[in-house]
Amino acid sequence: MRHVRWIFVAVLLFSLTAFIDKDKPTTGLSVGNKAPDFSIEEHHMKACLKALKGNYVLLSFWASYDASARVNNMLLDHALNDLPRNVKMVSVSFDRYQSIFDETLKQDRLGNARYFVEPDGEASNLFSLYHLDKGFKNYLLDEHGVIIAMNVRVEQLPNYLHNK
């Protein structure tokens, strides 16, 4: 009888703790997860996901040598003019050379977002953190840093931001 009581207590505790923090998103790279925090700095600009809380964040990873990622990044940048003010874009290029990055910004007429280059390219920690080995991606984060969409195209943005 004594063992039955302890088993009952253990089951009760397990069932109670199973529901704690169920509404709190876990960190990961799927819709509904909290995006992994990172900080990146270039020249006098710095981007930190924690500092952007309270805003929707469009996080774009790309490189000038990946044509589709570059085009999508450019379209998202130009769409920022038509989006609500609480939508910020952080764009990270994995080009190895600053000169190529700078020339791409000029050619694509980019400038509405915060742009950074990760000179370690695909060997960088950020590349690993966001598991970009299967191609470049973008993420739309809500005001709390939770991923609400992945690989967003310009025409899809109004669907995610219609109430904002």
# chains A, B, ... in the order shown; residues from 1 in each chain; ligands from 1
>>> residues_around(residues="range 88-105 of chain A", least_positions_apart="5", cutoff="8 Å", atoms="only C-alpha atoms", output="list in words")
Ala47, Leu52, Asn55, Tyr56, Val57, Leu58, Leu59, Ser60, Phe61, Trp62, Ala63, Ser64, Tyr65, Asn73, Asp77, Leu80, Leu110, Gly111, Asn112, Ala113, Arg114, Tyr115, Phe116, Val117, Glu118, Pro119, Asp120, Gly121 and Glu122 of chain A
>>> select_by_dssp(residues="range 127-157 of chain A", states="strand (DSSP E)", output="list in words")
Asn138, Tyr139, Leu140, Leu141, Ile147, Ile148, Ala149 and Met150 of chain A
>>> write_last_selection(atoms="all heavy atoms", output="PDB file, in the first residue's frame")
ATOM      1  N   ASN A 138      14.360  33.117 -44.620  1.00  0.00           N
ATOM      2  CA  ASN A 138      13.965  34.281 -43.849  1.00  0.00           C
ATOM      3  C   ASN A 138      12.895  33.846 -42.858  1.00  0.00           C
ATOM      4  O   ASN A 138      12.247  32.822 -43.041  1.00  0.00           O
ATOM      5  CB  ASN A 138      13.513  35.446 -44.747  1.00  0.00           C
ATOM      6  CG  ASN A 138      12.246  35.146 -45.510  1.00  0.00           C
ATOM      7  OD1 ASN A 138      11.230  34.748 -44.957  1.00  0.00           O
ATOM      8  ND2 ASN A 138      12.298  35.343 -46.824  1.00  0.00           N
ATOM      9  N   TYR A 139      12.787  34.626 -41.806  1.00  0.00           N
ATOM     10  CA  TYR A 139      11.849  34.343 -40.730  1.00  0.00           C
ATOM     11  C   TYR A 139      11.103  35.622 -40.384  1.00  0.00           C
ATOM     12  O   TYR A 139      11.703  36.688 -40.306  1.00  0.00           O
ATOM     13  CB  TYR A 139      12.590  33.868 -39.474  1.00  0.00           C
ATOM     14  CG  TYR A 139      13.383  32.603 -39.667  1.00  0.00           C
ATOM     15  CD1 TYR A 139      14.700  32.634 -40.101  1.00  0.00           C
ATOM     16  CD2 TYR A 139      12.799  31.362 -39.406  1.00  0.00           C
ATOM     17  CE1 TYR A 139      15.422  31.469 -40.281  1.00  0.00           C
ATOM     18  CE2 TYR A 139      13.524  30.192 -39.579  1.00  0.00           C
ATOM     19  CZ  TYR A 139      14.828  30.251 -40.020  1.00  0.00           C
ATOM     20  OH  TYR A 139      15.535  29.097 -40.193  1.00  0.00           O
ATOM     21  N   LEU A 140       9.814  35.500 -40.159  1.00  0.00           N
ATOM     22  CA  LEU A 140       9.024  36.615 -39.654  1.00  0.00           C
ATOM     23  C   LEU A 140       8.722  36.319 -38.193  1.00  0.00           C
ATOM     24  O   LEU A 140       8.148  35.276 -37.865  1.00  0.00           O
ATOM     25  CB  LEU A 140       7.731  36.781 -40.448  1.00  0.00           C
ATOM     26  CG  LEU A 140       6.833  37.937 -40.032  1.00  0.00           C
ATOM     27  CD1 LEU A 140       7.561  39.283 -40.171  1.00  0.00           C
ATOM     28  CD2 LEU A 140       5.549  37.935 -40.858  1.00  0.00           C
ATOM     29  N   LEU A 141       9.152  37.241 -37.325  1.00  0.00           N
ATOM     30  CA  LEU A 141       8.980  37.071 -35.884  1.00  0.00           C
ATOM     31  C   LEU A 141       7.927  38.046 -35.378  1.00  0.00           C
ATOM     32  O   LEU A 141       7.870  39.194 -35.824  1.00  0.00           O
ATOM     33  CB  LEU A 141      10.305  37.337 -35.159  1.00  0.00           C
ATOM     34  CG  LEU A 141      11.561  36.688 -35.730  1.00  0.00           C
ATOM     35  CD1 LEU A 141      12.780  37.091 -34.913  1.00  0.00           C
ATOM     36  CD2 LEU A 141      11.419  35.194 -35.795  1.00  0.00           C
ATOM     37  N   ILE A 147       8.602  32.834 -33.970  1.00  0.00           N
ATOM     38  CA  ILE A 147       8.530  32.676 -35.426  1.00  0.00           C
ATOM     39  C   ILE A 147       7.074  32.441 -35.823  1.00  0.00           C
ATOM     40  O   ILE A 147       6.437  31.495 -35.370  1.00  0.00           O
ATOM     41  CB  ILE A 147       9.393  31.487 -35.898  1.00  0.00           C
ATOM     42  CG1 ILE A 147      10.864  31.714 -35.520  1.00  0.00           C
ATOM     43  CG2 ILE A 147       9.243  31.285 -37.407  1.00  0.00           C
ATOM     44  CD1 ILE A 147      11.756  30.496 -35.718  1.00  0.00           C
ATOM     45  N   ILE A 148       6.549  33.345 -36.677  1.00  0.00           N
ATOM     46  CA  ILE A 148       5.173  33.177 -37.155  1.00  0.00           C
ATOM     47  C   ILE A 148       5.136  32.749 -38.615  1.00  0.00           C
ATOM     48  O   ILE A 148       4.091  32.321 -39.100  1.00  0.00           O
ATOM     49  CB  ILE A 148       4.316  34.444 -36.927  1.00  0.00           C
ATOM     50  CG1 ILE A 148       4.919  35.670 -37.608  1.00  0.00           C
ATOM     51  CG2 ILE A 148       4.117  34.691 -35.446  1.00  0.00           C
ATOM     52  CD1 ILE A 148       4.033  36.900 -37.533  1.00  0.00           C
ATOM     53  N   ALA A 149       6.275  32.860 -39.313  1.00  0.00           N
ATOM     54  CA  ALA A 149       6.335  32.402 -40.705  1.00  0.00           C
ATOM     55  C   ALA A 149       7.791  32.217 -41.102  1.00  0.00           C
ATOM     56  O   ALA A 149       8.686  32.873 -40.561  1.00  0.00           O
ATOM     57  CB  ALA A 149       5.666  33.401 -41.632  1.00  0.00           C
ATOM     58  N   MET A 150       7.994  31.317 -42.059  1.00  0.00           N
ATOM     59  CA  MET A 150       9.331  31.068 -42.589  1.00  0.00           C
ATOM     60  C   MET A 150       9.282  31.171 -44.112  1.00  0.00           C
ATOM     61  O   MET A 150       8.268  30.852 -44.728  1.00  0.00           O
ATOM     62  CB  MET A 150       9.803  29.669 -42.195  1.00  0.00           C
ATOM     63  CG  MET A 150      10.001  29.499 -40.706  1.00  0.00           C
ATOM     64  SD  MET A 150      10.301  27.787 -40.190  1.00  0.00           S
ATOM     65  CE  MET A 150      11.657  27.301 -41.211  1.00  0.00           C
TER      66      MET A 150
END
>>> closest_residue(among="A:Ile7, A:Glu155, A:Gly54, A:Leu29", to="His131 in chain A", atoms="only C-alpha atoms")
A:Leu29
>>> atom_distance(atom1="CA of Leu132 in chain A", atom2="CA of Ser68 in chain A")
14.4 Å
>>> select_by_dssp(residues="range 32-153 of chain A", states="helix (DSSP H, G or I)", output="number ranges by chain")
A: 50-52, 67-82, 98-107, 121-123, 125-129, 132-134
>>> atom_distance(atom1="CA of Leu126 in chain A", atom2="CA of Arg85 in chain A")
26.6 Å
>>> decode(residues="range 122-143 of chain A", atoms="N, CA and C atoms", output="JSON list (two decimals), in the first residue's frame")
[["chain", "number", "residue", "atom", "x", "y", "z"],
["A", 122, "GLU", "N", 29.76, 30.81, -44.50],
["A", 122, "GLU", "CA", 29.08, 29.60, -44.05],
["A", 122, "GLU", "C", 29.76, 28.94, -42.86],
["A", 123, "ALA", "N", 30.93, 29.42, -42.48],
["A", 123, "ALA", "CA", 31.63, 28.88, -41.31],
["A", 123, "ALA", "C", 31.25, 29.63, -40.03],
["A", 124, "SER", "N", 30.39, 30.61, -40.13],
["A", 124, "SER", "CA", 30.05, 31.43, -38.96],
["A", 124, "SER", "C", 29.12, 30.70, -38.01],
["A", 125, "ASN", "N", 29.13, 31.15, -36.76],
["A", 125, "ASN", "CA", 28.23, 30.59, -35.75],
["A", 125, "ASN", "C", 26.77, 30.88, -36.08],
["A", 126, "LEU", "N", 26.50, 32.05, -36.65],
["A", 126, "LEU", "CA", 25.14, 32.42, -37.00],
["A", 126, "LEU", "C", 24.58, 31.49, -38.08],
["A", 127, "PHE", "N", 25.41, 31.14, -39.04],
["A", 127, "PHE", "CA", 25.01, 30.20, -40.09],
["A", 127, "PHE", "C", 24.61, 28.86, -39.47],
["A", 128, "SER", "N", 25.39, 28.42, -38.50],
["A", 128, "SER", "CA", 25.08, 27.16, -37.81],
["A", 128, "SER", "C", 23.86, 27.29, -36.92],
["A", 129, "LEU", "N", 23.76, 28.40, -36.19],
["A", 129, "LEU", "CA", 22.66, 28.62, -35.26],
["A", 129, "LEU", "C", 21.30, 28.53, -35.95],
["A", 130, "TYR", "N", 21.22, 29.06, -37.17],
["A", 130, "TYR", "CA", 19.97, 29.06, -37.91],
["A", 130, "TYR", "C", 19.89, 27.93, -38.94],
["A", 131, "HIS", "N", 20.81, 26.97, -38.86],
["A", 131, "HIS", "CA", 20.78, 25.76, -39.71],
["A", 131, "HIS", "C", 20.57, 26.11, -41.18],
["A", 132, "LEU", "N", 21.40, 26.98, -41.70],
["A", 132, "LEU", "CA", 21.25, 27.44, -43.07],
["A", 132, "LEU", "C", 21.96, 26.55, -44.08],
["A", 133, "ASP", "N", 22.42, 25.41, -43.66],
["A", 133, "ASP", "CA", 23.15, 24.51, -44.56],
["A", 133, "ASP", "C", 22.27, 23.99, -45.69],
["A", 134, "LYS", "N", 20.99, 24.07, -45.56],
["A", 134, "LYS", "CA", 20.09, 23.60, -46.62],
["A", 134, "LYS", "C", 19.53, 24.78, -47.42],
["A", 135, "GLY", "N", 20.20, 25.89, -47.43],
["A", 135, "GLY", "CA", 19.77, 27.05, -48.20],
["A", 135, "GLY", "C", 19.43, 28.23, -47.32],
["A", 136, "PHE", "N", 19.44, 29.39, -47.91],
["A", 136, "PHE", "CA", 19.15, 30.61, -47.18],
["A", 136, "PHE", "C", 17.66, 30.74, -46.93],
["A", 137, "LYS", "N", 17.31, 31.39, -45.82],
["A", 137, "LYS", "CA", 15.93, 31.48, -45.39],
["A", 137, "LYS", "C", 15.63, 32.87, -44.85],
["A", 138, "ASN", "N", 14.36, 33.12, -44.62],
["A", 138, "ASN", "CA", 13.97, 34.28, -43.85],
["A", 138, "ASN", "C", 12.90, 33.85, -42.86],
["A", 139, "TYR", "N", 12.79, 34.63, -41.81],
["A", 139, "TYR", "CA", 11.85, 34.34, -40.73],
["A", 139, "TYR", "C", 11.10, 35.62, -40.38],
["A", 140, "LEU", "N", 9.81, 35.50, -40.16],
["A", 140, "LEU", "CA", 9.02, 36.62, -39.65],
["A", 140, "LEU", "C", 8.72, 36.32, -38.19],
["A", 141, "LEU", "N", 9.15, 37.24, -37.32],
["A", 141, "LEU", "CA", 8.98, 37.07, -35.88],
["A", 141, "LEU", "C", 7.93, 38.05, -35.38],
["A", 142, "ASP", "N", 7.14, 37.62, -34.41],
["A", 142, "ASP", "CA", 6.17, 38.53, -33.81],
["A", 142, "ASP", "C", 6.85, 39.41, -32.76],
["A", 143, "GLU", "N", 6.06, 40.19, -32.05],
["A", 143, "GLU", "CA", 6.60, 41.15, -31.08],
["A", 143, "GLU", "C", 7.37, 40.50, -29.94]]
